[in-house]
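Colleague: Got a file for you: coords-v5.cif, mmCIF, N, CA and C atoms.
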```
data_start
loop_
_atom_site.label_atom_id
_atom_site.label_comp_id
_atom_site.auth_asym_id
_atom_site.auth_seq_id
_atom_site.Cartn_x
_atom_site.Cartn_y
_atom_site.Cartn_z
N PHE A 222 19.80 -1.12 -0.42
CA PHE A 222 19.97 -0.04 -1.37
C PHE A 222 20.88 1.05 -0.81
N ALA A 223 20.66 1.42 0.45
CA ALA A 223 21.46 2.51 1.04
C ALA A 223 22.94 2.15 1.09
N VAL A 224 23.25 0.90 1.44
CA VAL A 224 24.66 0.50 1.51
C VAL A 224 25.29 0.54 0.13
N VAL A 225 24.54 0.19 -0.88
CA VAL A 225 25.04 0.18 -2.26
C VAL A 225 25.12 1.60 -2.81
N ALA A 226 24.02 2.34 -2.77
CA ALA A 226 23.95 3.65 -3.42
C ALA A 226 24.68 4.75 -2.66
N ALA A 227 24.61 4.73 -1.35
CA ALA A 227 25.21 5.83 -0.58
C ALA A 227 26.61 5.53 -0.09
N TYR A 228 26.90 4.26 0.16
CA TYR A 228 28.17 3.93 0.78
C TYR A 228 29.08 3.07 -0.09
N GLY A 229 28.64 2.78 -1.33
CA GLY A 229 29.54 2.22 -2.32
C GLY A 229 29.77 0.73 -2.32
N LEU A 230 28.97 -0.05 -1.61
CA LEU A 230 29.15 -1.50 -1.64
C LEU A 230 28.87 -2.01 -3.05
N LEU A 231 29.78 -2.80 -3.58
CA LEU A 231 29.61 -3.36 -4.92
C LEU A 231 28.78 -4.63 -4.85
N ARG A 232 27.47 -4.44 -4.88
CA ARG A 232 26.54 -5.56 -4.87
C ARG A 232 25.28 -5.06 -5.58
N SER A 233 24.65 -5.91 -6.31
CA SER A 233 23.42 -5.48 -6.97
C SER A 233 22.27 -5.51 -5.97
N THR A 234 21.27 -4.71 -6.26
CA THR A 234 20.07 -4.69 -5.43
C THR A 234 18.89 -4.46 -6.35
N ASN A 235 17.77 -5.04 -5.98
CA ASN A 235 16.59 -4.84 -6.81
C ASN A 235 15.44 -4.19 -6.05
N ASP A 236 15.72 -3.78 -4.81
CA ASP A 236 14.66 -3.07 -4.09
C ASP A 236 15.23 -1.89 -3.31
N LEU A 237 14.40 -0.92 -3.16
CA LEU A 237 14.73 0.28 -2.41
C LEU A 237 13.78 0.29 -1.22
N ASP A 238 14.29 -0.13 -0.06
CA ASP A 238 13.48 -0.16 1.16
C ASP A 238 13.32 1.25 1.69
N TYR A 239 12.15 1.53 2.23
CA TYR A 239 11.96 2.82 2.87
C TYR A 239 11.29 2.63 4.22
N PHE A 240 11.71 3.47 5.18
CA PHE A 240 11.16 3.43 6.54
C PHE A 240 9.97 4.36 6.67
N SER A 241 10.02 5.48 5.97
CA SER A 241 8.93 6.44 6.07
C SER A 241 8.73 7.13 4.73
N LEU A 242 7.55 7.69 4.59
CA LEU A 242 7.17 8.36 3.37
C LEU A 242 6.46 9.64 3.76
N ASN A 243 6.79 10.71 3.08
CA ASN A 243 6.16 11.99 3.37
C ASN A 243 5.57 12.55 2.09
N PRO A 244 4.27 12.68 1.97
CA PRO A 244 3.26 12.41 2.99
C PRO A 244 2.95 10.91 3.10
N ASN A 245 2.72 10.49 4.31
CA ASN A 245 2.53 9.08 4.61
C ASN A 245 1.30 8.49 3.92
N ASN A 246 0.29 9.30 3.66
CA ASN A 246 -0.93 8.78 3.06
C ASN A 246 -0.78 8.45 1.57
N ARG A 247 0.41 8.59 1.03
CA ARG A 247 0.66 8.30 -0.39
C ARG A 247 1.35 6.95 -0.60
N GLN A 248 1.43 6.15 0.44
CA GLN A 248 2.13 4.86 0.33
C GLN A 248 1.50 3.96 -0.73
N ARG A 249 0.20 3.88 -0.78
CA ARG A 249 -0.46 3.03 -1.78
C ARG A 249 -0.13 3.53 -3.19
N ASP A 250 -0.12 4.86 -3.37
CA ASP A 250 0.21 5.43 -4.68
C ASP A 250 1.64 5.09 -5.08
N LEU A 251 2.56 5.20 -4.12
CA LEU A 251 3.96 4.89 -4.41
C LEU A 251 4.13 3.43 -4.78
N GLU A 252 3.50 2.54 -4.03
CA GLU A 252 3.60 1.11 -4.33
C GLU A 252 3.02 0.80 -5.70
N LYS A 253 1.92 1.45 -6.06
CA LYS A 253 1.31 1.24 -7.37
C LYS A 253 2.24 1.73 -8.48
N LEU A 254 2.85 2.88 -8.27
CA LEU A 254 3.73 3.48 -9.27
C LEU A 254 5.07 2.76 -9.39
N ALA A 255 5.66 2.38 -8.25
CA ALA A 255 7.03 1.86 -8.28
C ALA A 255 7.23 0.59 -7.46
N GLY A 256 6.14 -0.06 -7.05
CA GLY A 256 6.24 -1.30 -6.29
C GLY A 256 6.70 -2.47 -7.13
N GLU A 257 6.74 -3.63 -6.51
CA GLU A 257 7.31 -4.82 -7.15
C GLU A 257 6.66 -5.21 -8.47
N SER A 258 5.37 -5.00 -8.62
CA SER A 258 4.70 -5.41 -9.87
C SER A 258 4.39 -4.22 -10.79
N SER A 259 5.02 -3.10 -10.56
CA SER A 259 4.76 -1.90 -11.36
C SER A 259 5.49 -1.93 -12.70
N GLY A 260 5.04 -1.08 -13.60
CA GLY A 260 5.72 -0.91 -14.88
C GLY A 260 7.14 -0.41 -14.70
N LEU A 261 7.35 0.50 -13.75
CA LEU A 261 8.71 0.99 -13.49
C LEU A 261 9.63 -0.14 -13.04
N ALA A 262 9.11 -1.01 -12.18
CA ALA A 262 9.92 -2.13 -11.71
C ALA A 262 10.28 -3.08 -12.85
N ARG A 263 9.32 -3.34 -13.71
CA ARG A 263 9.61 -4.22 -14.86
C ARG A 263 10.63 -3.56 -15.79
N ARG A 264 10.51 -2.27 -15.99
CA ARG A 264 11.40 -1.57 -16.91
C ARG A 264 12.83 -1.43 -16.37
N TYR A 265 12.95 -1.05 -15.09
CA TYR A 265 14.27 -0.75 -14.52
C TYR A 265 14.82 -1.84 -13.61
N LYS A 266 14.04 -2.89 -13.37
CA LYS A 266 14.48 -4.03 -12.55
C LYS A 266 14.80 -3.63 -11.12
N VAL A 267 14.10 -2.61 -10.62
CA VAL A 267 14.23 -2.20 -9.22
C VAL A 267 12.87 -1.68 -8.78
N HIS A 268 12.53 -1.92 -7.52
CA HIS A 268 11.23 -1.49 -7.01
C HIS A 268 11.36 -0.96 -5.58
N VAL A 269 10.37 -0.20 -5.16
CA VAL A 269 10.35 0.28 -3.78
C VAL A 269 9.64 -0.75 -2.91
N HIS A 270 10.02 -0.75 -1.64
CA HIS A 270 9.45 -1.70 -0.69
C HIS A 270 9.41 -1.05 0.68
N SER A 271 8.25 -1.07 1.30
CA SER A 271 8.11 -0.52 2.65
C SER A 271 8.74 -1.48 3.66
N ALA A 272 9.67 -0.97 4.43
CA ALA A 272 10.24 -1.74 5.54
C ALA A 272 9.35 -1.48 6.75
N ALA A 273 8.14 -2.04 6.70
CA ALA A 273 7.10 -1.73 7.68
C ALA A 273 7.53 -2.06 9.10
N VAL A 274 8.24 -3.15 9.26
CA VAL A 274 8.75 -3.51 10.58
C VAL A 274 10.25 -3.31 10.53
N ALA A 275 10.69 -2.21 11.10
CA ALA A 275 12.11 -1.89 11.08
C ALA A 275 12.55 -1.45 12.45
N SER A 276 13.71 -1.90 12.85
CA SER A 276 14.29 -1.46 14.11
C SER A 276 15.38 -0.47 13.76
N ILE A 277 15.07 0.78 13.96
CA ILE A 277 16.01 1.84 13.62
C ILE A 277 16.07 2.81 14.79
N PRO A 278 17.23 3.36 15.10
CA PRO A 278 17.36 4.23 16.26
C PRO A 278 16.35 5.38 16.27
N GLU A 279 15.99 5.76 17.47
CA GLU A 279 14.92 6.73 17.70
C GLU A 279 15.08 8.03 16.92
N ASN A 280 16.23 8.62 16.89
CA ASN A 280 16.43 9.92 16.26
C ASN A 280 17.10 9.84 14.89
N TYR A 281 16.92 8.73 14.20
CA TYR A 281 17.59 8.54 12.91
C TYR A 281 17.25 9.65 11.92
N ASP A 282 16.01 10.15 11.99
CA ASP A 282 15.57 11.14 11.00
C ASP A 282 16.34 12.46 11.11
N GLU A 283 16.95 12.72 12.25
CA GLU A 283 17.75 13.93 12.42
C GLU A 283 19.12 13.81 11.74
N ARG A 284 19.48 12.58 11.37
CA ARG A 284 20.81 12.34 10.79
C ARG A 284 20.75 11.87 9.35
N LEU A 285 19.60 11.94 8.73
CA LEU A 285 19.47 11.51 7.34
C LEU A 285 20.27 12.41 6.41
N THR A 286 20.76 11.82 5.32
CA THR A 286 21.48 12.55 4.29
C THR A 286 20.74 12.35 2.98
N GLU A 287 20.55 13.44 2.25
CA GLU A 287 19.86 13.31 0.97
C GLU A 287 20.79 12.67 -0.04
N LEU A 288 20.24 11.72 -0.76
CA LEU A 288 20.95 11.01 -1.80
C LEU A 288 20.53 11.60 -3.14
N PHE A 289 21.49 11.93 -3.97
CA PHE A 289 21.23 12.53 -5.28
C PHE A 289 20.41 13.81 -5.20
N PRO A 290 20.80 14.79 -4.39
CA PRO A 290 20.00 16.01 -4.26
C PRO A 290 19.82 16.72 -5.60
N GLY A 291 18.57 17.12 -5.85
CA GLY A 291 18.24 17.85 -7.07
C GLY A 291 18.16 17.02 -8.33
N ARG A 292 18.43 15.75 -8.24
CA ARG A 292 18.47 14.92 -9.44
C ARG A 292 17.09 14.53 -9.96
N PHE A 293 16.14 14.34 -9.06
CA PHE A 293 14.80 13.91 -9.45
C PHE A 293 13.80 15.03 -9.22
N ARG A 294 12.82 15.09 -10.08
CA ARG A 294 11.82 16.15 -10.01
C ARG A 294 10.77 15.88 -8.94
N ASN A 295 10.35 14.63 -8.79
CA ASN A 295 9.20 14.33 -7.94
C ASN A 295 9.50 13.50 -6.70
N ILE A 296 10.75 13.25 -6.45
CA ILE A 296 11.07 12.42 -5.29
C ILE A 296 12.41 12.87 -4.71
N ARG A 297 12.51 12.77 -3.40
CA ARG A 297 13.78 13.01 -2.72
C ARG A 297 14.08 11.77 -1.90
N LEU A 298 15.30 11.29 -2.00
CA LEU A 298 15.73 10.08 -1.30
C LEU A 298 16.70 10.46 -0.20
N PHE A 299 16.50 9.87 0.98
CA PHE A 299 17.38 10.11 2.11
C PHE A 299 17.86 8.76 2.63
N VAL A 300 19.08 8.73 3.10
CA VAL A 300 19.64 7.50 3.66
C VAL A 300 20.07 7.74 5.10
N PRO A 301 19.97 6.70 5.93
CA PRO A 301 20.43 6.83 7.31
C PRO A 301 21.95 6.97 7.36
N ASP A 302 22.42 7.59 8.43
CA ASP A 302 23.88 7.64 8.60
C ASP A 302 24.36 6.21 8.84
N PRO A 303 25.65 5.95 8.68
CA PRO A 303 26.12 4.56 8.73
C PRO A 303 25.88 3.86 10.07
N TYR A 304 25.92 4.58 11.19
CA TYR A 304 25.64 3.95 12.48
C TYR A 304 24.18 3.49 12.56
N ASP A 305 23.26 4.35 12.12
CA ASP A 305 21.85 3.99 12.14
C ASP A 305 21.58 2.85 11.18
N LEU A 306 22.24 2.85 10.06
CA LEU A 306 22.08 1.77 9.08
C LEU A 306 22.56 0.44 9.67
N VAL A 307 23.70 0.45 10.34
CA VAL A 307 24.21 -0.75 11.00
C VAL A 307 23.19 -1.24 12.03
N LEU A 308 22.72 -0.33 12.87
CA LEU A 308 21.80 -0.73 13.93
C LEU A 308 20.46 -1.21 13.37
N SER A 309 20.08 -0.75 12.19
CA SER A 309 18.82 -1.20 11.59
C SER A 309 18.90 -2.67 11.19
N LYS A 310 20.08 -3.23 11.12
CA LYS A 310 20.28 -4.61 10.71
C LYS A 310 20.42 -5.56 11.89
N LEU A 311 20.43 -5.01 13.10
CA LEU A 311 20.71 -5.80 14.29
C LEU A 311 19.69 -6.91 14.55
N SER A 312 18.41 -6.59 14.46
CA SER A 312 17.37 -7.58 14.78
C SER A 312 17.36 -8.74 13.80
N ARG A 313 17.54 -8.44 12.52
CA ARG A 313 17.46 -9.48 11.50
C ARG A 313 18.74 -10.31 11.49
N ASN A 314 19.88 -9.66 11.40
CA ASN A 314 21.18 -10.31 11.51
C ASN A 314 21.38 -11.48 10.53
N LEU A 315 20.93 -11.30 9.29
CA LEU A 315 21.18 -12.31 8.26
C LEU A 315 22.63 -12.20 7.77
N GLU A 316 23.08 -13.18 7.02
CA GLU A 316 24.44 -13.15 6.48
C GLU A 316 24.69 -11.87 5.68
N ARG A 317 23.73 -11.46 4.86
CA ARG A 317 23.86 -10.23 4.08
C ARG A 317 23.98 -9.01 4.99
N ASP A 318 23.24 -9.02 6.09
CA ASP A 318 23.32 -7.92 7.06
C ASP A 318 24.71 -7.86 7.68
N ARG A 319 25.25 -9.00 8.05
CA ARG A 319 26.59 -9.04 8.64
C ARG A 319 27.64 -8.57 7.63
N GLN A 320 27.48 -8.92 6.37
CA GLN A 320 28.39 -8.42 5.33
C GLN A 320 28.30 -6.90 5.22
N ASP A 321 27.08 -6.38 5.29
CA ASP A 321 26.90 -4.92 5.24
C ASP A 321 27.56 -4.25 6.43
N VAL A 322 27.39 -4.82 7.61
CA VAL A 322 27.98 -4.25 8.83
C VAL A 322 29.50 -4.25 8.72
N ALA A 323 30.07 -5.36 8.29
CA ALA A 323 31.53 -5.44 8.14
C ALA A 323 32.02 -4.40 7.14
N TYR A 324 31.31 -4.26 6.04
CA TYR A 324 31.68 -3.28 5.02
C TYR A 324 31.61 -1.85 5.56
N LEU A 325 30.50 -1.51 6.20
CA LEU A 325 30.34 -0.15 6.74
C LEU A 325 31.36 0.14 7.83
N ALA A 326 31.60 -0.82 8.70
CA ALA A 326 32.57 -0.61 9.77
C ALA A 326 33.95 -0.30 9.20
N ARG A 327 34.30 -1.03 8.15
CA ARG A 327 35.63 -0.88 7.53
C ARG A 327 35.73 0.40 6.70
N THR A 328 34.75 0.66 5.85
CA THR A 328 34.87 1.77 4.90
C THR A 328 34.47 3.12 5.47
N GLN A 329 33.65 3.12 6.51
CA GLN A 329 33.19 4.39 7.09
C GLN A 329 33.92 4.72 8.39
N ASN A 330 34.90 3.89 8.75
CA ASN A 330 35.69 4.10 9.96
C ASN A 330 34.81 4.34 11.18
N LEU A 331 33.85 3.46 11.37
CA LEU A 331 32.91 3.61 12.47
C LEU A 331 33.59 3.32 13.81
N GLU A 332 33.20 4.09 14.81
CA GLU A 332 33.76 3.93 16.15
C GLU A 332 32.84 3.06 16.99
N PRO A 333 33.38 2.02 17.61
CA PRO A 333 32.56 1.14 18.43
C PRO A 333 31.82 1.88 19.54
N ARG A 334 32.46 2.87 20.13
CA ARG A 334 31.85 3.63 21.23
C ARG A 334 30.56 4.31 20.78
N VAL A 335 30.59 4.92 19.60
CA VAL A 335 29.42 5.62 19.08
C VAL A 335 28.30 4.62 18.80
N LEU A 336 28.63 3.49 18.21
CA LEU A 336 27.62 2.47 17.92
C LEU A 336 26.98 1.97 19.21
N ARG A 337 27.79 1.67 20.20
CA ARG A 337 27.28 1.17 21.48
C ARG A 337 26.40 2.22 22.17
N GLU A 338 26.85 3.48 22.17
CA GLU A 338 26.07 4.55 22.81
C GLU A 338 24.71 4.73 22.12
N ARG A 339 24.71 4.71 20.80
CA ARG A 339 23.45 4.88 20.08
C ARG A 339 22.53 3.68 20.31
N TYR A 340 23.09 2.51 20.37
CA TYR A 340 22.30 1.31 20.67
C TYR A 340 21.65 1.45 22.04
N GLU A 341 22.44 1.80 23.03
CA GLU A 341 21.93 1.90 24.40
C GLU A 341 20.89 2.99 24.56
N SER A 342 21.12 4.16 23.95
CA SER A 342 20.24 5.31 24.19
C SER A 342 19.07 5.43 23.23
N GLU A 343 19.18 4.86 22.01
CA GLU A 343 18.15 5.11 21.01
C GLU A 343 17.49 3.86 20.41
N LEU A 344 17.97 2.69 20.76
CA LEU A 344 17.41 1.51 20.10
C LEU A 344 17.03 0.39 21.06
N LYS A 345 17.87 0.10 22.00
CA LYS A 345 17.73 -1.08 22.86
C LYS A 345 16.34 -1.24 23.46
N SER A 346 15.78 -0.18 23.97
CA SER A 346 14.48 -0.30 24.65
C SER A 346 13.31 -0.48 23.68
N TYR A 347 13.54 -0.32 22.39
CA TYR A 347 12.47 -0.46 21.39
C TYR A 347 12.51 -1.79 20.66
N LEU A 348 13.55 -2.57 20.86
CA LEU A 348 13.68 -3.83 20.13
C LEU A 348 12.70 -4.88 20.62
N ILE A 349 12.19 -5.68 19.71
CA ILE A 349 11.29 -6.77 20.03
C ILE A 349 12.12 -8.04 20.14
N GLY A 350 11.82 -8.85 21.13
CA GLY A 350 12.54 -10.10 21.32
C GLY A 350 13.44 -10.04 22.53
N PRO A 351 14.12 -11.14 22.80
CA PRO A 351 14.97 -11.23 23.99
C PRO A 351 16.11 -10.20 23.95
N PRO A 352 16.18 -9.33 24.94
CA PRO A 352 17.24 -8.30 24.94
C PRO A 352 18.65 -8.88 24.88
N ASP A 353 18.88 -10.02 25.57
CA ASP A 353 20.25 -10.55 25.55
C ASP A 353 20.64 -11.07 24.18
N ARG A 354 19.68 -11.44 23.34
CA ARG A 354 20.01 -11.85 21.97
C ARG A 354 20.58 -10.66 21.20
N HIS A 355 19.92 -9.49 21.32
CA HIS A 355 20.40 -8.28 20.64
C HIS A 355 21.74 -7.82 21.22
N ASN A 356 21.86 -7.91 22.54
CA ASN A 356 23.13 -7.53 23.18
C ASN A 356 24.28 -8.40 22.68
N ARG A 357 24.03 -9.71 22.58
CA ARG A 357 25.07 -10.64 22.10
C ARG A 357 25.42 -10.36 20.64
N THR A 358 24.42 -10.06 19.83
CA THR A 358 24.68 -9.74 18.43
C THR A 358 25.55 -8.50 18.32
N LEU A 359 25.20 -7.47 19.07
CA LEU A 359 26.01 -6.25 19.05
C LEU A 359 27.44 -6.54 19.49
N GLU A 360 27.60 -7.28 20.57
CA GLU A 360 28.95 -7.60 21.05
C GLU A 360 29.73 -8.40 20.02
N PHE A 361 29.08 -9.36 19.37
CA PHE A 361 29.73 -10.12 18.32
C PHE A 361 30.19 -9.20 17.20
N TRP A 362 29.31 -8.31 16.74
CA TRP A 362 29.66 -7.39 15.67
C TRP A 362 30.83 -6.50 16.06
N LEU A 363 30.79 -5.99 17.28
CA LEU A 363 31.87 -5.10 17.72
C LEU A 363 33.21 -5.84 17.71
N GLU A 364 33.19 -7.07 18.17
CA GLU A 364 34.43 -7.84 18.22
C GLU A 364 34.89 -8.28 16.83
N ALA A 365 33.96 -8.65 15.98
CA ALA A 365 34.32 -9.20 14.68
C ALA A 365 34.63 -8.14 13.63
N TYR A 366 33.95 -6.99 13.67
CA TYR A 366 34.02 -6.05 12.56
C TYR A 366 34.62 -4.69 12.87
N PHE A 367 34.76 -4.38 14.14
CA PHE A 367 35.20 -3.03 14.51
C PHE A 367 36.57 -3.07 15.17
N GLU A 368 37.33 -2.02 14.88
CA GLU A 368 38.59 -1.83 15.58
C GLU A 368 38.26 -1.51 17.03
N ARG A 369 38.80 -2.27 17.94
CA ARG A 369 38.49 -2.04 19.35
C ARG A 369 39.31 -0.87 19.88
N SER A 370 38.60 0.22 20.26
CA SER A 370 39.30 1.36 20.83
C SER A 370 38.64 1.81 22.12
N ASP A 371 37.64 1.02 22.58
CA ASP A 371 36.92 1.43 23.79
C ASP A 371 37.20 0.51 24.95
N GLY A 372 38.31 -0.22 24.89
CA GLY A 372 38.73 -1.03 26.01
C GLY A 372 38.03 -2.29 25.99
#
```
Let me see whether you can do it: turn the structure in this file into structure tokens.

Modeller:
Amino acid sequence: FAVVAAYGLLRSTNDLDYFSLNPNNRQRDLEKLAGESSGLARRYKVHVHSAAVASIPENYDERLTELFPGRFRNIRLFVPDPYDLVLSKLSRNLERDRQDVAYLARTQNLEPRVLRERYESELKSYLIGPPDRHNRTLEFWLEAYFERSDG
């Protein structure tokens, strides 16, 4: 959803993933109101979904941008900055994730150095699974999708 709504990727989406909810104790209410089997989901063909297991950089919340500020009465939507969004896709690394990374790298003029630094300082030590798998994925992405300017 964030790549489509905030960064302009022309692809349809039917779910709005969220990493956190404030207040957190309202998750059940939100799922009931706008989850996959809700009336809102049936009416608008889109639903909310908790990304309960997400690998996102440590300080991502400091870099969130509000999407559609002032547009809704009862909800505020925030999206990660493009570097954090790219890094959130590292562990899964599905074809759709790689397409998103390529798109964000190209359209947001992302710098490989910034991505690598954020990976090293805010994400790498929190990832589950073999570290060299994540390292290789990052290196592949940098080589395949980013303009090399860091030597």

Colleague: If the PyMOL selection byres ((chain A and resi 263-276) around 6) were run on this exact file, what residues would it hold? Put them as a PyMOL selection string.

Modeller: chain A and resi 234-240+255-262+277-278+308-309

Colleague: With DSSP run on the backbone, what are the strand (DSSP E or B) residues within chain A? I'd like them as a ChimeraX atom specification.

Modeller: /A:236-239,268-271,286-288,298-300

Colleague: The selected residues should be written to file as a PDB file, keeping the file's coordinate frame (atoms: N, CA and C atoms).

Modeller:
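This is the output file out36.pdb:
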```pdb
ATOM      1  N   ASP A 236      15.720  -3.780  -4.810  1.00  0.00           N
ATOM      2  CA  ASP A 236      14.660  -3.070  -4.090  1.00  0.00           C
ATOM      3  C   ASP A 236      15.230  -1.890  -3.310  1.00  0.00           C
ATOM      4  N   LEU A 237      14.400  -0.920  -3.160  1.00  0.00           N
ATOM      5  CA  LEU A 237      14.730   0.280  -2.410  1.00  0.00           C
ATOM      6  C   LEU A 237      13.780   0.290  -1.220  1.00  0.00           C
ATOM      7  N   ASP A 238      14.290  -0.130  -0.060  1.00  0.00           N
ATOM      8  CA  ASP A 238      13.480  -0.160   1.160  1.00  0.00           C
ATOM      9  C   ASP A 238      13.320   1.250   1.690  1.00  0.00           C
ATOM     10  N   TYR A 239      12.150   1.530   2.230  1.00  0.00           N
ATOM     11  CA  TYR A 239      11.960   2.820   2.870  1.00  0.00           C
ATOM     12  C   TYR A 239      11.290   2.630   4.220  1.00  0.00           C
ATOM     13  N   HIS A 268      12.530  -1.920  -7.520  1.00  0.00           N
ATOM     14  CA  HIS A 268      11.230  -1.490  -7.010  1.00  0.00           C
ATOM     15  C   HIS A 268      11.360  -0.960  -5.580  1.00  0.00           C
ATOM     16  N   VAL A 269      10.370  -0.200  -5.160  1.00  0.00           N
ATOM     17  CA  VAL A 269      10.350   0.280  -3.780  1.00  0.00           C
ATOM     18  C   VAL A 269       9.640  -0.750  -2.910  1.00  0.00           C
ATOM     19  N   HIS A 270      10.020  -0.750  -1.640  1.00  0.00           N
ATOM     20  CA  HIS A 270       9.450  -1.700  -0.690  1.00  0.00           C
ATOM     21  C   HIS A 270       9.410  -1.050   0.680  1.00  0.00           C
ATOM     22  N   SER A 271       8.250  -1.070   1.300  1.00  0.00           N
ATOM     23  CA  SER A 271       8.110  -0.520   2.650  1.00  0.00           C
ATOM     24  C   SER A 271       8.740  -1.480   3.660  1.00  0.00           C
ATOM     25  N   THR A 286      20.760  11.820   5.320  1.00  0.00           N
ATOM     26  CA  THR A 286      21.480  12.550   4.290  1.00  0.00           C
ATOM     27  C   THR A 286      20.740  12.350   2.980  1.00  0.00           C
ATOM     28  N   GLU A 287      20.550  13.440   2.250  1.00  0.00           N
ATOM     29  CA  GLU A 287      19.860  13.310   0.970  1.00  0.00           C
ATOM     30  C   GLU A 287      20.790  12.670  -0.040  1.00  0.00           C
ATOM     31  N   LEU A 288      20.240  11.720  -0.760  1.00  0.00           N
ATOM     32  CA  LEU A 288      20.950  11.010  -1.800  1.00  0.00           C
ATOM     33  C   LEU A 288      20.530  11.600  -3.140  1.00  0.00           C
ATOM     34  N   LEU A 298      15.300  11.290  -2.000  1.00  0.00           N
ATOM     35  CA  LEU A 298      15.730  10.080  -1.300  1.00  0.00           C
ATOM     36  C   LEU A 298      16.700  10.460  -0.200  1.00  0.00           C
ATOM     37  N   PHE A 299      16.500   9.870   0.980  1.00  0.00           N
ATOM     38  CA  PHE A 299      17.380  10.110   2.110  1.00  0.00           C
ATOM     39  C   PHE A 299      17.860   8.760   2.630  1.00  0.00           C
ATOM     40  N   VAL A 300      19.080   8.730   3.100  1.00  0.00           N
ATOM     41  CA  VAL A 300      19.640   7.500   3.660  1.00  0.00           C
ATOM     42  C   VAL A 300      20.070   7.740   5.100  1.00  0.00           C
TER      43      VAL A 300
END
```

Colleague: Set the distance at 8 Å and use all atoms listed in the file: which residues neighbour Val224 (chain A) once local chain neighbours fewer than 4 positions away are removed? I'd like the list as an mmCIF file with N, CA and C atoms, in the coordinates of the input.

Modeller:
```
data_model
loop_
_atom_site.group_PDB
_atom_site.id
_atom_site.type_symbol
_atom_site.label_atom_id
_atom_site.label_comp_id
_atom_site.auth_asym_id
_atom_site.auth_seq_id
_atom_site.Cartn_x
_atom_site.Cartn_y
_atom_site.Cartn_z
ATOM 1 N N TYR A 228 26.900 4.260 0.160
ATOM 2 C CA TYR A 228 28.170 3.930 0.780
ATOM 3 C C TYR A 228 29.080 3.070 -0.090
ATOM 4 N N GLY A 229 28.640 2.780 -1.330
ATOM 5 C CA GLY A 229 29.540 2.220 -2.320
ATOM 6 C C GLY A 229 29.770 0.730 -2.320
ATOM 7 N N LEU A 230 28.970 -0.050 -1.610
ATOM 8 C CA LEU A 230 29.150 -1.500 -1.640
ATOM 9 C C LEU A 230 28.870 -2.010 -3.050
ATOM 10 N N LEU A 231 29.780 -2.800 -3.580
ATOM 11 C CA LEU A 231 29.610 -3.360 -4.920
ATOM 12 C C LEU A 231 28.780 -4.630 -4.850
ATOM 13 N N ARG A 232 27.470 -4.440 -4.880
ATOM 14 C CA ARG A 232 26.540 -5.560 -4.870
ATOM 15 C C ARG A 232 25.280 -5.060 -5.580
ATOM 16 N N VAL A 300 19.080 8.730 3.100
ATOM 17 C CA VAL A 300 19.640 7.500 3.660
ATOM 18 C C VAL A 300 20.070 7.740 5.100
ATOM 19 N N LEU A 306 22.240 2.850 10.060
ATOM 20 C CA LEU A 306 22.080 1.770 9.080
ATOM 21 C C LEU A 306 22.560 0.440 9.670
ATOM 22 N N ASP A 321 27.080 -6.380 5.290
ATOM 23 C CA ASP A 321 26.900 -4.920 5.240
ATOM 24 C C ASP A 321 27.560 -4.250 6.430
ATOM 25 N N LEU A 325 30.500 -1.510 6.200
ATOM 26 C CA LEU A 325 30.340 -0.150 6.740
ATOM 27 C C LEU A 325 31.360 0.140 7.830
#
```

Colleague: To one decimal in Å, tell me the separation between atom N of Glu368 (chain A) and atom C of Glu332 (chain A).

Modeller: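 Calculated distance between atom N of Glu368 (chain A) and atom C of Glu332 (chain A) is 7.1 Å.
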
Colleague: Restricting the calculation to all atoms listed in the file, which member of A:Trp362, A:Phe367, A:Tyr281, A:Phe222 is positioned closest to Asp305 (chain A)?

Modeller: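 Looking at the shortest contact to Asp305 (chain A), the residue is A:Tyr281.
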
Colleague: What's the separation between atom C of Ser342 (chain A) and atom N of Glu279 (chain A), in Å to one decimal place?

Modeller: 6.5 Å

Colleague: When you look at Glu341 (chain A) with a cut-off of 12 Å (counting only C-alpha atoms), what residues show up, excluding the ones that are within fewer than 2 positions of it in the same chain? I need them as a list in words.

Modeller: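 What passes the distance filter is Pro278, Glu279, Leu308, Arg334, Val335, Leu336, Arg337, Glu338, Arg339, Glu343, Leu344, Lys345, Ser346, Tyr347, Leu348, Pro352, His355, Asn356 and Leu359 of chain A.
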
Colleague: Between CA of Arg284 (chain A) and CA of Pro301 (chain A), what distance in Å does the model show, to one decimal?

Modeller: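 Result for CA of Arg284 (chain A) versus CA of Pro301 (chain A): 6.5 Å, one decimal.
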
Colleague: Quick one: DSSP alpha helix (DSSP H) residues in chain A, as an MDAnalysis selection string?

Modeller: chainID A and resid 223:226 248:255 260:265 303:309 316:328 333:339 352:366

Colleague: Find the residues near Arg354 (chain A): any atom within 8 Å, counting all atoms listed in the file, skip ones fewer than 6 places away on the same chain, and give them as a list in words.

Modeller: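 Neighbouring residues, sequence-local ones excluded: Leu311, Ser312 and Glu360 of chain A.
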
Colleague: Residues around (24.6, 8.1, -3.9), cut-off 9 Å, counting only C-alpha atoms - what are they as a ChimeraX atom specification?

Modeller: /A:223,225-229,287-289

Colleague: With C-alpha atoms as the atom set, please write region 311-324 of chain A from the structure just given, as a tab-separated table (two decimals), in the first residue's frame.

Modeller:
```
chain	number	residue	atom	x	y	z
A	311	LEU	CA	14.69	-7.46	2.79
A	312	SER	CA	13.77	-10.56	4.82
A	313	ARG	CA	10.90	-11.65	2.59
A	314	ASN	CA	12.50	-10.78	-0.76
A	315	LEU	CA	9.62	-11.99	-2.93
A	316	GLU	CA	9.40	-11.02	-6.61
A	317	ARG	CA	6.89	-8.27	-5.72
A	318	ASP	CA	9.29	-6.98	-3.07
A	319	ARG	CA	12.14	-6.82	-5.59
A	320	GLN	CA	9.88	-4.94	-8.01
A	321	ASP	CA	9.06	-2.46	-5.23
A	322	VAL	CA	12.75	-2.02	-4.41
A	323	ALA	CA	13.65	-1.42	-8.05
A	324	TYR	CA	10.82	1.09	-8.38
```
